[in-house]
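Undergrad: Structure in C-alpha cells, see below.
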2 protein chains.
Amino acid sequence: MPRQSYSNGQSYRLFEQVYDHIENRIRRGDWKEHEKLPSIRQLAQELQVHRLTVFRAYRLLVEQGKVYVKDKSGYFLQPSGSQMPEAVDALVPAYETVNHLSEIHRIPVAYQLSEAIIDPNLLPNMYLTDYVKRVFDLYPKVLATYSPVQGDEELREALCRYFTKRHLFHLTPDEILITSGAQQAINLIARILVKPMDTILLERPTYSVAYDIFRQQGAQIIPVDIHPDGYNLEQVEGCMRRYKPRLFYMNPTFHNPTGYTVPVEQRKKLVELAERYRCLLVDDDTCYDIYFDREPPPPLFTYDTEGCVIYIRGFSKYVSPGLRVAAVMSRPPLMKPLLTAKSLSDNGSPLLNQKMFLHYFTSDRLQQHLKKLRIALQIRKEIVEEELAATDWQWISPQGGLNLWVRLSGGLSAEKLLAASMRQSISFVPGIICDPKRELTSWARVSYSYANEPQLREGMRKLIALAGSMDSWSINRGGGRSKAGGKA
Amino acid sequence: MPRQSYSNGQSYRLFEQVYDHIENRIRRGDWKEHEKLPSIRQLAQELQVHRLTVFRAYRLLVEQGKVYVKDKSGYFLQPSGSQMPEAVDALVPAYETVNHLSEIHRIPVAYQLSEAIIDPNLLPNMYLTDYVKRVFDLYPKVLATYSPVQGDEELREALCRYFTKRHLFHLTPDEILITSGAQQAINLIARILVKPMDTILLERPTYSVAYDIFRQQGAQIIPVDIHPDGYNLEQVEGCMRRYKPRLFYMNPTFHNPTGYTVPVEQRKKLVELAERYRCLLVDDDTCYDIYFDREPPPPLFTYDTEGCVIYIRGFSKYVSPGLRVAAVMSRPPLMKPLLTAKSLSDNGSPLLNQKMFLHYFTSDRLQQHLKKLRIALQIRKEIVEEELAATDWQWISPQGGLNLWVRLSGGLSAEKLLAASMRQSISFVPGIICDPKRELTSWARVSYSYANEPQLREGMRKLIALAGSMDSWSINRGGGRSKAGGKA
C-alpha cells in the first residue's frame, strides 16, 4: 500500500498521489460499480501528469482488486463487497493525518510517564492569579482587542531586551513572532519552508510530533544521529553537502527524547556549516531553564550573523501551560512569510494570554519559581533512576529537561511493553515513534515531570516488573547506568 | 511565470512544481555560475516524476534566461546579473504565502473601514473582567493546565446544550472541537480535506482569507455566484455534478463580503444536493447573532442527517475578540482527523480562554449585550448608507453582519481608489481580492463595525470625494440604492 510506504519514511511518489486521488474518489462514490473510470489520457490531462504515471496508478488499483480491465477498452470499478468499509463512515473521507504522540496521550492513565509536561502542582498558580488582576487593571479592554498578528508589541520588546541581555542576541522586536506554543512555531516553519520535493535533516531520535509535521508536508527526511556529546559533525557536513537540505530541525538543549545537550564548540561549527551549505538551523528550545547543575550553552542564535538560524523558545512547559505562549526569532526575510502563515493560521494569539505572560515573565517571582522547580524535578528524576538502577536497562543521566531515554534489555519491544502497561494504566513513549528510521524498537522515553513522587516510584516498579515477566530479561544483572561525560 | 499563473487561480501543475523546485535551488546557490545542473534523467529519478515533466521545467528555465543549454550535453546555470535580487535576502528563501486581507490591515489608518471587527468600545469589557475573577476562584490551577486537544469538556457540553436547544442540532459534545477563532477552523478543514489535485466550490465573492487558505493547499477553485436571494441551485448542482468537488465552503448567513443571507428553502435543498453528490458543505458562520430585524434561518447543520455539513461557529467577533474562541461541529468520521490536525497545529487552545468564554456565554448578560450591540451596529451602518445615498454607487442594504458591499460607479478601480485613500489614511477592502475570478474590479467592501460614528461619516465623505476627483463619475446622478427583497 502506498499509504504505508509513505508513513514509513519513504518519499510520497507521484503515482502514489494519483493512486490516492483515484482511490479516494472511488471511496466517496464518484463511480458506480462496473462503471467505466476516466481513460488514462483524460486523467493525465486533468491532473497534469504524464500518462505513464496514471498507468502505474491504475496498475496498482488493478493489482489490489479495486479496478478491473475489460477488453482493453478501459478501467472499470470493481464491486466493492466488504473491501471498502470506510465508505459508510464519511460522506467525504479526510486524508490521513497522524500524530503518534497525541494518540498515546488520548487515553487517561494513573501512572502518566508519557507526557513531557510539568505537574500543575509545581507551577506558580497563586502568583499567576495575581497577575491576571493586574492585567485587567492595566488593560481594561484586553478582551475586546485583537493582538497584532506578530504578537503584542510590549511583550516583543520585553523579550527582545531579555534575549539581548541574557544570550547576547542581536535582535529587534520585529524579529520576534509570538505563537501559541512551540508546536505552532514548528508547524508554521514547516509550512513556509517545506514542500513535497524537499529534503530536511532531523535528529535521530527526534521529537515525534516534529517528525509527523514534516512528514505531512511531504519532506524527505535524512536522519542525523545525536549522541551524549552532540553530533558527528562530519556526518552533518556530509548530509548537507550531499542532500542540500533546506533545514535541520534540532533540539540541541536537553534534547527530546534523550536529554543530551550539544556542546558550545559544536554550536559554533554548526552555524558555520549552515552558512556554507545554506541550510537553515531550526533550534527548538523548550527546556532551556530546566537545568539541574549549570546553565546550558547559549542557543545557536547567539552565533548567527547570516540569518541561518531560526530560534523557537517555548515557555509553556515551565511558566504557564494554560497560556500557550512561545516566541520564534528569525531575520526579516523569513519573518515576513512566517507572519503570513500565522495570519492564515489563526490571525494572532490571544492578547490576554500575552499580557499575562508578559507581567509574570518580567517579574522576580519567575526566577524564584524556577529555582524551586529545578529541585523538584531533579528529585523526581532521581526517583526514576533509583528504580532503574535495579535493572540492566541502559540510560544516560540527563542534566536537565523532562525525560529519560532508556534502552530496555534483552531486545524487549517497547511497543509490546506499552500495550501491556496500558492495561495496568501506565503510559510511556515507545522510542520507535521518535526514530525517523523506525528501528529503535527497544528504547523508551520516560517523562518524570508530570506524575508525583509516589506515582513515579510505583509506576516504575510496576513497569519494570511487567517487563521482567515479558522477557528472558533478569533483574540485578549489573548496573547499566552511565554518567554523562563531556556535556555542557 | 508559473507563480503568477498559480496565484491567478489556475492549477499548480507538476512541471511548475519542478520549475519552482529548481529555481529555488538556483536562488539559494546550489550551483555556481556556468555549473552543470543535474541531468533530466537524474532529476526525474530524484523527484520521482516523468522525464518529460523535468524537460518542460528546464525548457521554461531556458526561456527565462536562467539556464542555458550547451552542445546538447546538458543544462548550465546562467550568470545571474541582476535577475535574482532575492539571493541576498534569505539564506534559504521561503515559499510564497499570501494573505491579501492581512496585508491591507498591516498599515494603521485613521479611518478603518477595512477590518470587519467590532469596535472594542462596543464590547462588554467590564463584565468580562468580572468573569475572570470568577474563573480563577473556580479553577485555581487553570493556568497550569493544558486543555484537552478537543477543547474543555465543560464548554463543549454547554455548547452542545445551546445548539441542541436553539437550532435543534442532533449533537454530542464529542462532535464539537474548540479552535482559536474561526480562521483556525478553516485552516484545519483545508488541511485534512484538500490536496493539490482536488476541486472545491467557493462563493463568488468570498471571504478572501478562505480563498488564500484553499489556494495554498493547491485546490482548484470553482466559483458559485451568490446573489441577494441566495444561489442559483441549478448552477450549484451543475458544478457538483460536473466537478465532483470535495467541499463547498460557504458563508450563507450575512455573507462576507456581501451581507446576503441564503433563504431557508435553499438551505434544505443544499443539504440534499450535498448528500447526493457527496460534497461537504462547510458553513462558516461568524455573524449569526448580529442581525438587525429578525433572526436569520437556522444553520445548515440543522438539516443534516448524513454528515454532509461541517459547521463553524465563530464567537470572536461579538463576544470577545481577545479570547479567540470558535467551535467546529462535525460528525465523528471527520472529527477524528480534525483532532489530529489540531494537535499538530497547536496541541489545543488555551484553557483559561475557554473557561472565561464559557462563563460569559452561559450568562444572561450576553443577551443584553447583543441587544445593545445590534442597535449600535445598525446606527453605524445607516451612517455609511446616508453618505452613500449622495452617490450613484450601488449596494444592497444588509440585514445583519458587519459589511456593505458597494459597487463604485463609472468603472472606477477599487484598487486604484485604495492606493489613493491609504494616503489619506482611509482603508477598505477592494472587492477583487474576494473574487476567485479576479474580475470584480469596481467593488469594495466597507466595514462599519470598527470605526466610530464620526470616523465613519468623515471617512466616507473623504472617500467619496476622493473617488469623485479620480473619475468622470459625478455626484447626485441618482440614487443607486435598492432595498434587499426576498431575504430571510
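Chain labels run A, B, ... following the order of the C-alpha cells; each chain numbers its residues from 1, and ligands are numbered from 1 in the order shown.
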If we count only C-alpha atoms, what is near Val69 (chain A) at a cut-off of 12 Å, once residues fewer than 2 positions away on the same chain are taken out, given as a count of residues only?
TA: 22
Undergrad: Just list the residues in region 225-361 of chain A DSSP gives helix (DSSP H, G or I) on the backbone, as number ranges by chain.
TA: A: 233-243, 264-277, 300-303, 332-345, 351-361
Undergrad: Take the selection from the previous step and output its residues with C-alpha atoms, as a CSV table (one decimal), in the first residue's frame.
TA:
```
chain,number,residue,atom,x,y,z
A,233,LEU,CA,29.9,17.0,12.6
A,234,GLU,CA,31.4,15.1,9.7
A,235,GLN,CA,28.1,13.3,9.3
A,236,VAL,CA,26.3,16.6,9.4
A,237,GLU,CA,28.5,18.1,6.8
A,238,GLY,CA,28.3,15.1,4.6
A,239,CYS,CA,24.5,15.2,4.7
A,240,MET,CA,24.5,18.9,4.0
A,241,ARG,CA,26.9,18.5,1.1
A,242,ARG,CA,25.2,15.5,-0.4
A,243,TYR,CA,21.5,16.3,0.1
A,264,VAL,CA,29.3,25.0,22.7
A,265,GLU,CA,32.1,24.3,20.2
A,266,GLN,CA,29.7,22.2,18.1
A,267,ARG,CA,27.2,25.0,18.2
A,268,LYS,CA,29.6,27.5,16.6
A,269,LYS,CA,30.7,25.0,14.0
A,270,LEU,CA,27.1,24.1,13.1
A,271,VAL,CA,26.4,27.8,12.3
A,272,GLU,CA,29.4,27.9,10.0
A,273,LEU,CA,28.2,24.7,8.3
A,274,ALA,CA,24.7,26.1,7.9
A,275,GLU,CA,26.1,29.2,6.3
A,276,ARG,CA,28.3,27.3,3.9
A,277,TYR,CA,25.7,24.9,2.8
A,300,LEU,CA,22.6,28.8,18.3
A,301,PHE,CA,21.1,32.2,17.5
A,302,THR,CA,23.9,33.8,19.6
A,303,TYR,CA,26.4,32.8,16.9
A,332,PRO,CA,13.3,39.7,8.3
A,333,PRO,CA,13.4,37.6,5.0
A,334,LEU,CA,11.8,34.7,6.9
A,335,MET,CA,9.8,36.7,9.4
A,336,LYS,CA,7.6,38.1,6.6
A,337,PRO,CA,6.4,34.7,5.3
A,338,LEU,CA,6.1,33.4,8.9
A,339,LEU,CA,3.7,36.3,9.6
A,340,THR,CA,1.6,35.5,6.6
A,341,ALA,CA,1.4,31.9,7.7
A,342,LYS,CA,0.5,32.9,11.2
A,343,SER,CA,-2.2,35.2,9.9
A,344,LEU,CA,-3.7,32.4,7.8
A,345,SER,CA,-3.4,30.0,10.7
A,351,LEU,CA,-3.9,39.2,23.6
A,352,LEU,CA,-4.9,38.4,27.2
A,353,ASN,CA,-2.5,35.5,27.4
A,354,GLN,CA,0.3,37.5,26.1
A,355,LYS,CA,-0.2,40.4,28.6
A,356,MET,CA,-0.5,37.9,31.5
A,357,PHE,CA,2.7,36.2,30.4
A,358,LEU,CA,4.5,39.5,30.0
A,359,HIS,CA,3.9,40.5,33.5
A,360,TYR,CA,4.9,37.3,35.0
A,361,PHE,CA,7.9,36.8,32.8
```
Undergrad: Could you tell me, as a VMD selection string, which residues of region 261-382 of chain B DSSP assigns to strand (DSSP E) when given the backbone?
TA: chain B and resid 280 to 285 309 to 314 326 to 329
Undergrad: Which residues are near Asn251 (chain B)? Cut-off 7 Å, only C-alpha atoms, ignore same chain within fewer than 4 positions. Put them as a PyMOL selection string.
TA: chain B and resi 255-256+283-285
Undergrad: Write the selection just made, keeping all heavy atoms, as an mmCIF file, in the first residue's frame?
TA:
```cif
data_model
loop_
_atom_site.group_PDB
_atom_site.id
_atom_site.type_symbol
_atom_site.label_atom_id
_atom_site.label_comp_id
_atom_site.auth_asym_id
_atom_site.auth_seq_id
_atom_site.Cartn_x
_atom_site.Cartn_y
_atom_site.Cartn_z
ATOM 1 N N HIS B 255 -23.480 36.984 4.691
ATOM 2 C CA HIS B 255 -22.305 36.614 3.898
ATOM 3 C C HIS B 255 -21.241 37.709 3.868
ATOM 4 O O HIS B 255 -21.551 38.887 3.735
ATOM 5 C CB HIS B 255 -22.800 36.309 2.474
ATOM 6 C CG HIS B 255 -21.724 36.073 1.477
ATOM 7 N ND1 HIS B 255 -21.303 37.024 0.587
ATOM 8 C CD2 HIS B 255 -20.981 34.964 1.223
ATOM 9 C CE1 HIS B 255 -20.353 36.523 -0.184
ATOM 10 N NE2 HIS B 255 -20.146 35.276 0.183
ATOM 11 N N ASN B 256 -20.012 37.278 3.996
ATOM 12 C CA ASN B 256 -18.866 38.168 3.879
ATOM 13 C C ASN B 256 -18.315 38.027 2.464
ATOM 14 O O ASN B 256 -17.957 36.925 2.075
ATOM 15 C CB ASN B 256 -17.818 37.733 4.916
ATOM 16 C CG ASN B 256 -16.594 38.615 4.924
ATOM 17 O OD1 ASN B 256 -16.414 39.482 4.076
ATOM 18 N ND2 ASN B 256 -15.726 38.357 5.884
ATOM 19 N N ASP B 283 -20.115 25.348 6.440
ATOM 20 C CA ASP B 283 -20.903 26.550 6.753
ATOM 21 C C ASP B 283 -20.124 27.380 7.772
ATOM 22 O O ASP B 283 -20.052 27.023 8.946
ATOM 23 C CB ASP B 283 -22.271 26.095 7.297
ATOM 24 C CG ASP B 283 -23.166 27.268 7.721
ATOM 25 O OD1 ASP B 283 -22.696 28.423 7.741
ATOM 26 O OD2 ASP B 283 -24.341 27.013 8.054
ATOM 27 N N ASP B 284 -19.535 28.460 7.299
ATOM 28 C CA ASP B 284 -18.725 29.323 8.174
ATOM 29 C C ASP B 284 -19.616 30.465 8.659
ATOM 30 O O ASP B 284 -20.021 31.321 7.884
ATOM 31 C CB ASP B 284 -17.529 29.858 7.369
ATOM 32 C CG ASP B 284 -16.629 30.751 8.219
ATOM 33 O OD1 ASP B 284 -16.814 30.812 9.448
ATOM 34 O OD2 ASP B 284 -15.729 31.391 7.645
ATOM 35 N N ASP B 285 -19.887 30.468 9.943
ATOM 36 C CA ASP B 285 -20.924 31.340 10.480
ATOM 37 C C ASP B 285 -20.354 32.172 11.635
ATOM 38 O O ASP B 285 -20.264 31.707 12.762
ATOM 39 C CB ASP B 285 -22.071 30.449 10.971
ATOM 40 C CG ASP B 285 -23.304 31.258 11.332
ATOM 41 O OD1 ASP B 285 -23.272 32.486 11.178
ATOM 42 O OD2 ASP B 285 -24.296 30.636 11.773
#
```
Undergrad: May I ask for the distance between CA of Glu115 (chain B) and CA of Ala326 (chain A), given in Å to one decimal place?
TA: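 For CA of Glu115 (chain B) relative to CA of Ala326 (chain A), the distance reads 26.5 Å.
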